[in-house]
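Shown next: input-v1.cif, containing mmCIF, C-alpha atoms.
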```cif
data_upload
#
loop_
_atom_site.label_atom_id
_atom_site.label_comp_id
_atom_site.auth_asym_id
_atom_site.auth_seq_id
_atom_site.Cartn_x
_atom_site.Cartn_y
_atom_site.Cartn_z
CA MET A 187 160.93 127.86 35.68
CA SER A 188 162.16 124.64 34.16
CA ASP A 189 159.65 122.39 32.44
CA ASP A 190 160.81 119.67 34.75
CA GLU A 191 159.17 121.47 37.62
CA HIS A 192 155.74 120.95 36.10
CA PRO A 193 155.64 117.20 35.77
CA THR A 194 151.89 116.94 35.54
CA ASP A 195 151.56 119.54 32.82
CA GLY A 196 151.57 117.68 29.57
CA ASP A 197 150.52 114.69 27.61
CA ASP A 198 153.38 112.58 28.90
CA ALA A 199 152.34 113.13 32.48
CA VAL A 200 152.34 110.03 34.61
CA VAL A 201 150.51 109.88 37.90
CA THR A 202 153.32 109.15 40.28
CA ASP A 203 152.50 111.40 43.17
CA LEU A 204 151.28 108.51 45.27
CA THR A 205 154.33 106.37 44.74
CA ASP A 206 157.63 106.37 46.57
CA PRO A 207 160.40 108.60 45.25
CA VAL A 208 162.60 106.99 42.63
CA PRO A 209 166.02 106.15 44.10
CA VAL A 210 168.68 108.64 42.98
CA ASP A 211 170.96 105.75 42.02
CA ASP A 212 168.33 104.43 39.61
CA VAL A 213 168.11 107.77 37.86
CA ARG A 214 171.90 108.04 37.78
CA ASP A 215 172.25 104.56 36.27
CA ALA A 216 169.59 105.20 33.63
CA ALA A 217 171.20 108.51 32.68
CA THR A 218 174.66 106.92 32.53
CA ALA A 219 173.39 104.09 30.32
CA PHE A 220 171.72 106.65 28.05
CA MET A 221 174.89 108.69 27.66
CA SER A 222 177.14 105.65 27.15
CA GLY A 223 174.81 104.34 24.47
CA LEU A 224 174.69 107.77 22.85
CA THR A 225 178.46 108.15 22.60
CA ASP A 226 178.66 104.58 21.25
CA ALA A 227 176.03 105.37 18.62
CA PHE A 228 178.03 108.44 17.58
CA GLY A 229 181.09 106.21 17.26
CA PHE A 230 183.04 108.09 19.91
CA ASP A 231 185.52 106.48 22.24
CA ALA A 232 184.39 108.29 25.37
CA THR A 233 183.98 107.60 29.04
CA VAL A 234 180.91 108.55 31.02
CA SER A 235 181.17 109.08 34.74
CA ALA A 236 178.52 110.11 37.19
CA THR A 237 178.69 111.82 40.53
CA THR A 238 175.81 112.33 42.89
CA GLN A 239 175.43 114.64 45.83
CA ASP A 240 172.11 114.43 47.61
CA ASN A 241 169.59 114.67 44.77
CA GLU A 242 172.00 116.25 42.28
CA ILE A 243 173.40 114.08 39.54
CA GLU A 244 176.20 115.24 37.27
CA LEU A 245 177.28 113.22 34.26
CA ARG A 246 180.65 113.91 32.73
CA VAL A 247 181.54 112.72 29.26
CA ASP A 248 185.25 112.77 28.49
CA GLY A 249 187.22 111.84 25.41
CA THR A 250 188.75 113.42 22.35
CA GLY A 251 186.94 115.13 19.50
CA LEU A 252 183.69 115.52 21.39
CA GLY A 253 182.97 119.03 20.10
CA LEU A 254 180.15 117.62 17.99
CA LEU A 255 178.33 116.76 21.22
CA VAL A 256 178.62 120.38 22.36
CA GLY A 257 177.65 122.13 19.15
CA PRO A 258 177.46 125.85 18.39
CA GLY A 259 176.83 127.80 21.57
CA GLY A 260 176.42 124.53 23.46
CA ARG A 261 173.06 123.92 21.78
CA THR A 262 173.69 120.24 21.01
CA LEU A 263 174.77 119.69 24.59
CA ALA A 264 171.60 121.41 25.82
CA SER A 265 169.54 119.04 23.67
CA ILE A 266 171.48 116.02 24.90
CA GLN A 267 170.86 117.09 28.49
CA ASP A 268 167.15 117.48 27.71
CA LEU A 269 167.03 113.97 26.32
CA ALA A 270 168.99 112.49 29.21
CA ARG A 271 166.38 114.01 31.53
CA VAL A 272 163.57 112.45 29.53
CA ALA A 273 165.32 109.07 29.36
CA ALA A 274 166.17 108.97 33.06
CA GLN A 275 163.94 111.23 35.13
CA ARG A 276 160.71 111.32 33.18
CA ARG A 277 160.81 107.70 32.07
CA LEU A 278 161.25 106.55 35.66
CA GLY A 279 158.67 109.00 37.00
CA ASP A 280 161.28 110.88 38.99
CA HIS A 281 160.59 114.45 40.07
CA GLU A 282 163.20 114.83 42.77
CA THR A 283 166.61 114.76 41.19
CA ARG A 284 168.57 117.44 39.37
CA LEU A 285 170.44 116.08 36.37
CA ARG A 286 173.19 117.88 34.53
CA VAL A 287 175.38 116.71 31.68
CA ASP A 288 178.78 118.11 30.80
CA VAL A 289 180.90 117.18 27.82
CA ALA A 290 184.67 117.65 27.75
CA GLY A 291 184.44 120.22 30.54
CA TYR A 292 182.43 122.60 28.34
CA ARG A 293 180.12 123.85 31.07
CA GLU A 294 182.99 124.45 33.44
CA LYS A 295 184.91 126.45 30.81
CA ARG A 296 181.75 128.33 29.91
CA ARG A 297 181.11 129.18 33.55
CA LEU A 298 184.64 130.52 34.01
CA ALA A 299 184.35 132.59 30.82
CA LEU A 300 181.00 134.01 31.96
CA GLU A 301 182.42 134.89 35.35
CA ARG A 302 185.28 136.78 33.71
CA PHE A 303 182.75 138.53 31.46
CA ALA A 304 180.61 139.47 34.46
CA SER A 305 183.64 140.93 36.18
CA ASP A 306 184.61 142.99 33.10
CA VAL A 307 181.08 144.31 32.56
CA SER A 308 180.67 145.14 36.24
CA GLU A 309 183.87 147.16 36.17
CA GLN A 310 182.57 149.14 33.18
CA VAL A 311 179.22 149.74 34.84
CA ARG A 312 180.86 150.88 38.09
CA THR A 313 183.17 153.24 36.20
CA SER A 314 180.54 154.70 33.85
CA GLY A 315 177.64 154.65 36.28
CA ALA A 316 175.40 153.51 33.44
CA ALA A 317 173.48 150.25 33.33
CA ARG A 318 174.37 147.83 30.59
CA ALA A 319 172.08 145.25 28.95
CA LEU A 320 173.83 142.10 27.78
CA ASP A 321 172.95 139.89 24.83
CA PRO A 322 170.11 137.41 25.33
CA MET A 323 171.30 134.11 26.73
CA PRO A 324 169.88 130.89 28.18
CA SER A 325 168.71 130.76 31.78
CA ALA A 326 171.66 128.65 32.92
CA ASP A 327 174.08 131.29 31.64
CA ARG A 328 172.03 134.09 33.19
CA LYS A 329 172.19 132.38 36.54
CA VAL A 330 175.99 132.24 36.36
CA LEU A 331 176.08 135.96 35.58
CA HIS A 332 173.66 136.88 38.39
CA ASP A 333 175.70 134.85 40.88
CA ALA A 334 178.95 136.41 39.69
CA VAL A 335 177.60 139.98 39.78
CA ALA A 336 176.08 139.40 43.22
CA ALA A 337 179.55 138.67 44.55
CA LEU A 338 180.85 142.06 43.36
CA ASP A 339 180.53 145.46 45.00
CA GLY A 340 178.81 148.47 43.44
CA VAL A 341 176.65 146.58 40.96
CA THR A 342 173.57 144.43 40.90
CA SER A 343 171.74 142.61 38.12
CA ARG A 344 168.31 141.64 36.94
CA SER A 345 166.79 139.90 33.94
CA GLU A 346 164.56 141.64 31.42
CA GLY A 347 162.49 140.53 28.43
CA GLU A 348 160.81 137.32 27.47
CA GLU A 349 162.37 134.04 26.39
CA PRO A 350 164.18 133.45 24.17
CA ASN A 351 165.29 137.08 24.26
CA ARG A 352 165.59 137.37 28.03
CA ARG A 353 168.77 139.13 29.01
CA VAL A 354 170.78 140.19 32.00
CA VAL A 355 171.04 143.88 32.81
CA VAL A 356 173.89 144.99 35.06
CA VAL A 357 173.06 148.17 36.97
CA PRO A 358 175.12 150.36 39.32
CA THR A 359 174.09 150.56 42.95
CA MET B 84 161.51 110.30 -9.89
CA SER B 85 158.55 109.67 -7.66
CA ASP B 86 157.58 112.57 -5.51
CA PRO B 87 155.51 111.41 -2.60
CA GLN B 88 154.41 113.89 0.01
CA ILE B 89 157.02 114.23 2.69
CA ASP B 90 155.69 116.72 5.18
CA GLY B 91 152.69 116.22 7.34
CA ASP B 92 152.41 112.59 6.36
CA ASP B 93 152.14 110.79 9.63
CA GLY B 94 150.33 107.79 8.25
CA ASP B 95 151.81 104.60 7.02
CA GLY B 96 151.52 105.39 3.34
CA ASP B 97 155.19 105.28 2.57
CA ASP B 98 154.77 104.22 -1.03
CA GLY B 99 157.68 105.41 -3.05
CA PHE B 100 160.12 105.43 -0.19
CA ASP B 101 163.05 103.12 -0.03
CA ALA B 102 162.28 102.07 3.49
CA GLY B 103 164.70 100.29 5.74
CA ASN B 104 167.91 101.52 4.20
CA THR B 105 169.52 103.07 7.25
CA ALA B 106 172.89 102.77 5.47
CA LEU B 107 172.04 106.20 3.99
CA ALA B 108 172.94 107.78 7.32
CA PRO B 109 174.13 105.02 9.64
CA THR B 110 175.36 107.21 12.48
CA ALA B 111 172.27 109.41 12.46
CA ALA B 112 170.02 106.33 12.33
CA ALA B 113 171.88 104.64 15.20
CA VAL B 114 171.70 107.78 17.32
CA LEU B 115 168.01 108.22 16.56
CA ALA B 116 167.25 104.59 17.42
CA HIS B 117 169.19 104.81 20.67
CA ILE B 118 167.50 108.01 21.80
CA VAL B 119 163.98 106.90 20.99
CA THR B 120 164.33 103.40 22.46
CA SER B 121 165.71 105.07 25.60
CA ILE B 122 162.68 107.28 26.18
CA VAL B 123 159.68 105.15 25.23
CA ASP B 124 157.90 102.56 27.34
CA ASN B 125 157.94 100.00 24.55
CA PRO B 126 161.43 99.98 22.95
CA GLU B 127 160.68 96.79 21.01
CA ALA B 128 158.13 98.68 18.92
CA VAL B 129 160.65 101.29 17.72
CA GLU B 130 161.59 101.13 14.06
CA VAL B 131 163.84 103.49 12.15
CA ASP B 132 163.79 103.65 8.37
CA ALA B 133 165.79 105.88 6.06
CA SER B 134 164.96 107.13 2.63
CA GLU B 135 166.49 109.64 0.27
CA HIS B 136 164.57 112.40 -1.33
CA ARG B 137 165.91 115.30 -3.35
CA GLY B 138 169.32 114.92 -1.84
CA ARG B 139 168.02 114.89 1.70
CA VAL B 140 167.93 111.90 3.94
CA ARG B 141 164.68 111.35 5.75
CA LEU B 142 164.57 109.21 8.84
CA ASP B 143 161.18 107.86 9.84
CA VAL B 144 160.86 106.59 13.37
CA ARG B 145 157.85 104.55 14.41
CA VAL B 146 156.88 104.07 18.02
CA GLY B 147 154.29 101.93 19.73
CA PRO B 148 150.82 103.04 20.75
CA GLY B 149 150.90 105.70 23.44
CA ASP B 150 154.61 106.45 23.16
CA LEU B 151 154.42 109.31 20.68
CA GLY B 152 153.59 111.84 23.38
CA ARG B 153 156.83 111.36 25.24
CA VAL B 154 158.85 111.37 22.01
CA ILE B 155 157.30 114.68 20.96
CA GLY B 156 157.28 116.21 24.43
CA ARG B 157 155.58 119.35 25.63
CA ARG B 158 155.31 121.88 22.83
CA GLY B 159 157.48 119.60 20.70
CA ARG B 160 160.52 120.23 22.83
CA THR B 161 161.73 116.63 22.94
CA ALA B 162 161.22 116.20 19.20
CA GLN B 163 163.28 119.34 18.60
CA SER B 164 166.07 118.08 20.86
CA ILE B 165 166.06 114.75 19.02
CA ARG B 166 166.38 116.53 15.67
CA THR B 167 169.26 118.67 16.92
CA VAL B 168 171.24 115.67 18.14
CA VAL B 169 170.44 113.50 15.11
CA ARG B 170 171.57 116.26 12.74
CA ALA B 171 174.82 116.53 14.66
CA ALA B 172 175.24 112.77 14.26
CA ALA B 173 174.53 113.03 10.52
CA THR B 174 177.69 115.08 10.07
CA ARG B 175 179.57 111.85 10.83
CA ASP B 176 177.88 110.24 7.84
CA ASP B 177 178.92 110.74 4.24
CA ALA B 178 175.46 111.59 3.00
CA SER B 179 174.95 115.14 4.25
CA ALA B 180 173.82 117.02 7.29
CA ASP B 181 170.44 117.45 5.66
CA VAL B 182 168.44 115.02 7.70
CA ASP B 183 164.73 115.20 8.33
CA VAL B 184 163.22 113.25 11.17
CA GLU B 185 159.57 112.27 11.11
CA PHE B 186 157.79 110.74 14.09
CA ILE B 187 155.11 108.20 13.36
CA ASP B 188 152.61 106.63 15.71
CA ASP B 189 151.76 103.04 14.85
#
```
This structure in structure tokens:
Amino acid sequence: MSDDEHPTDGDDAVVTDLTDPVPVDDVRDAATAFMSGLTDAFGFDATVSATTQDNEIELRVDGTGLGLLVGPGGRTLASIQDLARVAAQRRLGDHETRLRVDVAGYREKRRLALERFASDVSEQVRTSGAARALDPMPSADRKVLHDAVAALDGVTSRSEGEEPNRRVVVVPT
Amino acid sequence: MSDPQIDGDDGDGDDGFDAGNTALAPTAAAVLAHIVTSIVDNPEAVEVDASEHRGRVRLDVRVGPGDLGRVIGRRGRTAQSIRTVVRAAATRDDASADVDVEFIDD
């Protein structure tokens, strides 16, 4: 339910449906230039690298002391990713690509931590037989938890509540 | 000390502000300028000015006609993301992390 899936809903909508798709490499290059310029403006000595697979683009920013770009709970990183999407996808009229930004491996570490958490919670739920509601978290984190729980026996998961208080509930099967 | 209105003033009446002094928060101003020039159609029209008011630094960013919508985004989402990142950048500046960002349509 990402905003990016509703490109014509809003005052910055551009009529691009009749045009050819924007080349993935163009979006990648625009996103890379945006991130390089951003780290320069912050005064960080960082490297930005991009990988693409089909229509998925992942930007990695590496360097030292980049915690400021991640922020508490990854909120600054989430904002930076939002802006990279505006600067690359929306500015070029692209609706096809998926763009993700990671800084200093934060998302990877976060994913591993969430997977461990999912495993621990699932074990508790299996043992107790009682469902457990987790703290509210962003949709990207919920997806990691759902995927992790789905790979385990004896438990399943669903989301409950409305944003921004939507949360994962792990239930025994 | 002059006390011009600071909120809700999206006009050009910046009397009383020390416009143009981005040295108040150079990192925040550079980050703001980079972000906004990266998302508008008319980057040449983007101007960033800084002023100080009651110990807070205010950054005014002006964009060309028609570009304000993309800078603000749906339900103000892009504007909020810009503020989050600019405030992070302001912690690199001596001034303070108290940075306001105002978006102005020329």
Exercise. Which chain A residues are at most 10 Å from chain B (counting only C-alpha atoms), as a PyMOL selection string?
Worked result: chain A and resi 189+195-199+216-217+219-221+223-229+254-257+261-278
Chain and number of each residue from the PyMOL selection byres ((chain A and resi 307) around 10), as a CSV table (one decimal) with C-alpha atoms, in the frame of the given file:
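Saved file part-v3.csv follows:
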```csv
chain,number,residue,atom,x,y,z
A,301,GLU,CA,182.4,134.9,35.4
A,302,ARG,CA,185.3,136.8,33.7
A,303,PHE,CA,182.8,138.5,31.5
A,304,ALA,CA,180.6,139.5,34.5
A,305,SER,CA,183.6,140.9,36.2
A,306,ASP,CA,184.6,143.0,33.1
A,308,SER,CA,180.7,145.1,36.2
A,309,GLU,CA,183.9,147.2,36.2
A,310,GLN,CA,182.6,149.1,33.2
A,311,VAL,CA,179.2,149.7,34.8
A,312,ARG,CA,180.9,150.9,38.1
A,313,THR,CA,183.2,153.2,36.2
A,317,ALA,CA,173.5,150.2,33.3
A,318,ARG,CA,174.4,147.8,30.6
A,319,ALA,CA,172.1,145.2,29.0
A,320,LEU,CA,173.8,142.1,27.8
A,335,VAL,CA,177.6,140.0,39.8
A,341,VAL,CA,176.6,146.6,41.0
A,356,VAL,CA,173.9,145.0,35.1
A,357,VAL,CA,173.1,148.2,37.0
```
For this session: To verify the selection step, state as a PyMOL selection string which residues the PyMOL selection byres ((chain A and resi 238) around 10) yields on this input.
Result: chain A and resi 210-211+214+236-237+239-245+283-285
For this session: Can you work out the spacing between CA of Asp327 in chain A and CA of Val247 in chain A in Å, to one decimal?
Result: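 These two atoms are separated by 20.2 Å.
The two atoms in question, CA of Thr218 in chain A and CA of Asp206 in chain A, are spaced 22.1 Å apart.
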For this session: For the point (183.5, 111.3, 28.6) in the file's frame, write as a ChimeraX atom specification all residues with an atom no more than 6 Å away, counting all atoms listed in the file.
Result: /A:232-234,246-249
For this session: Calculate how many Å separate CA of Gly279 in chain A from CA of Pro207 in chain A, rounding to one decimal.
Result: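 Rounded to one decimal, the two atoms are 8.4 Å apart.
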For this session: Give me the result of the PyMOL selection byres ((chain B and resi 106) around 12) on this file, residue by residue, as a list in words.
Result: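 With the PyMOL selection byres ((chain B and resi 106) around 12) on this model, the match is Asp101, Ala102, Gly103, Asn104, Thr105, Leu107, Ala108, Pro109, Thr110, Ala111, Ala112, Ala113, Val131, Asp132, Ala133, Ser134, Glu135, Val140, Arg141, Leu142, Ala173, Asp176, Asp177 and Ala178 of chain B.
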Next, write the just-selected residues to a file, as a PDB file, in the coordinates of the input, keeping C-alpha atoms as the atom set.
```
ATOM      1  CA  ASP B 101     163.050 103.120  -0.030  1.00  0.00           C
ATOM      2  CA  ALA B 102     162.280 102.070   3.490  1.00  0.00           C
ATOM      3  CA  GLY B 103     164.700 100.290   5.740  1.00  0.00           C
ATOM      4  CA  ASN B 104     167.910 101.520   4.200  1.00  0.00           C
ATOM      5  CA  THR B 105     169.520 103.070   7.250  1.00  0.00           C
ATOM      6  CA  LEU B 107     172.040 106.200   3.990  1.00  0.00           C
ATOM      7  CA  ALA B 108     172.940 107.780   7.320  1.00  0.00           C
ATOM      8  CA  PRO B 109     174.130 105.020   9.640  1.00  0.00           C
ATOM      9  CA  THR B 110     175.360 107.210  12.480  1.00  0.00           C
ATOM     10  CA  ALA B 111     172.270 109.410  12.460  1.00  0.00           C
ATOM     11  CA  ALA B 112     170.020 106.330  12.330  1.00  0.00           C
ATOM     12  CA  ALA B 113     171.880 104.640  15.200  1.00  0.00           C
ATOM     13  CA  VAL B 131     163.840 103.490  12.150  1.00  0.00           C
ATOM     14  CA  ASP B 132     163.790 103.650   8.370  1.00  0.00           C
ATOM     15  CA  ALA B 133     165.790 105.880   6.060  1.00  0.00           C
ATOM     16  CA  SER B 134     164.960 107.130   2.630  1.00  0.00           C
ATOM     17  CA  GLU B 135     166.490 109.640   0.270  1.00  0.00           C
ATOM     18  CA  VAL B 140     167.930 111.900   3.940  1.00  0.00           C
ATOM     19  CA  ARG B 141     164.680 111.350   5.750  1.00  0.00           C
ATOM     20  CA  LEU B 142     164.570 109.210   8.840  1.00  0.00           C
ATOM     21  CA  ALA B 173     174.530 113.030  10.520  1.00  0.00           C
ATOM     22  CA  ASP B 176     177.880 110.240   7.840  1.00  0.00           C
ATOM     23  CA  ASP B 177     178.920 110.740   4.240  1.00  0.00           C
ATOM     24  CA  ALA B 178     175.460 111.590   3.000  1.00  0.00           C
TER      25      ALA B 178
END
```
For this session: Identify, on the basis of all atoms listed in the file, every residue whose closest approach to Val330 in chain A does not exceed 8 Å; exclude the query and any residue fewer than 2 positions from it along the same chain; express the result as JSON, numbers by chain.
Result: {"A": [297, 300, 301, 326, 327, 328, 332, 333, 334]}
Selection from above, C-alpha atoms, as a CSV table (one decimal), in the coordinates of the input, can you write it?
```csv
chain,number,residue,atom,x,y,z
A,297,ARG,CA,181.1,129.2,33.6
A,300,LEU,CA,181.0,134.0,32.0
A,301,GLU,CA,182.4,134.9,35.4
A,326,ALA,CA,171.7,128.6,32.9
A,327,ASP,CA,174.1,131.3,31.6
A,328,ARG,CA,172.0,134.1,33.2
A,332,HIS,CA,173.7,136.9,38.4
A,333,ASP,CA,175.7,134.8,40.9
A,334,ALA,CA,179.0,136.4,39.7
```
Since the input lacks some atoms of range 151-168 of chain B, please model N, CA, C and O atoms and print them as a CSV table (one decimal), keeping the file's coordinate frame.
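Result file is rebuild-v9.csv:
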```csv
chain,number,residue,atom,x,y,z
B,151,LEU,N,154.1,108.1,21.5
B,151,LEU,CA,154.4,109.3,20.7
B,151,LEU,C,154.5,110.6,21.5
B,151,LEU,O,155.3,111.5,21.3
B,152,GLY,N,153.6,110.6,22.5
B,152,GLY,CA,153.6,111.8,23.4
B,152,GLY,C,154.9,112.1,24.0
B,152,GLY,O,155.4,113.3,24.0
B,153,ARG,N,155.6,111.1,24.6
B,153,ARG,CA,156.8,111.4,25.2
B,153,ARG,C,157.9,111.7,24.2
B,153,ARG,O,158.8,112.5,24.5
B,154,VAL,N,157.8,111.1,23.0
B,154,VAL,CA,158.8,111.4,22.0
B,154,VAL,C,158.7,112.8,21.5
B,154,VAL,O,159.7,113.5,21.2
B,155,ILE,N,157.5,113.3,21.4
B,155,ILE,CA,157.3,114.7,21.0
B,155,ILE,C,157.6,115.7,22.1
B,155,ILE,O,158.2,116.7,21.9
B,156,GLY,N,157.1,115.3,23.3
B,156,GLY,CA,157.3,116.2,24.4
B,156,GLY,C,156.4,117.4,24.4
B,156,GLY,O,155.7,117.7,23.5
B,157,ARG,N,156.4,118.2,25.5
B,157,ARG,CA,155.6,119.4,25.6
B,157,ARG,C,156.0,120.4,24.6
B,157,ARG,O,157.2,120.7,24.5
B,158,ARG,N,155.1,120.9,23.9
B,158,ARG,CA,155.3,121.9,22.8
B,158,ARG,C,156.4,121.4,21.9
B,158,ARG,O,157.1,122.2,21.3
B,159,GLY,N,156.5,120.1,21.7
B,159,GLY,CA,157.5,119.6,20.7
B,159,GLY,C,158.9,119.7,21.1
B,159,GLY,O,159.8,119.5,20.3
B,160,ARG,N,159.2,120.0,22.4
B,160,ARG,CA,160.5,120.2,22.8
B,160,ARG,C,161.4,119.0,22.7
B,160,ARG,O,162.6,119.1,22.3
B,161,THR,N,160.9,117.8,23.0
B,161,THR,CA,161.7,116.6,22.9
B,161,THR,C,162.0,116.3,21.5
B,161,THR,O,163.1,116.0,21.1
B,162,ALA,N,161.0,116.5,20.6
B,162,ALA,CA,161.2,116.2,19.2
B,162,ALA,C,162.3,117.1,18.6
B,162,ALA,O,163.2,116.7,17.9
B,163,GLN,N,162.3,118.4,19.1
B,163,GLN,CA,163.3,119.3,18.6
B,163,GLN,C,164.7,119.0,19.1
B,163,GLN,O,165.7,119.0,18.3
B,164,SER,N,164.8,118.5,20.3
B,164,SER,CA,166.1,118.1,20.9
B,164,SER,C,166.6,116.9,20.1
B,164,SER,O,167.8,116.7,19.8
B,165,ILE,N,165.7,115.9,19.8
B,165,ILE,CA,166.1,114.8,19.0
B,165,ILE,C,166.6,115.2,17.7
B,165,ILE,O,167.7,114.7,17.2
B,166,ARG,N,165.9,116.1,17.0
B,166,ARG,CA,166.4,116.5,15.7
B,166,ARG,C,167.8,117.2,15.8
B,166,ARG,O,168.6,116.9,14.9
B,167,THR,N,168.0,118.0,16.8
B,167,THR,CA,169.3,118.7,16.9
B,167,THR,C,170.4,117.7,17.1
B,167,THR,O,171.4,117.8,16.4
B,168,VAL,N,170.2,116.6,17.9
B,168,VAL,CA,171.2,115.7,18.1
B,168,VAL,C,171.4,114.7,16.9
B,168,VAL,O,172.6,114.4,16.6
```
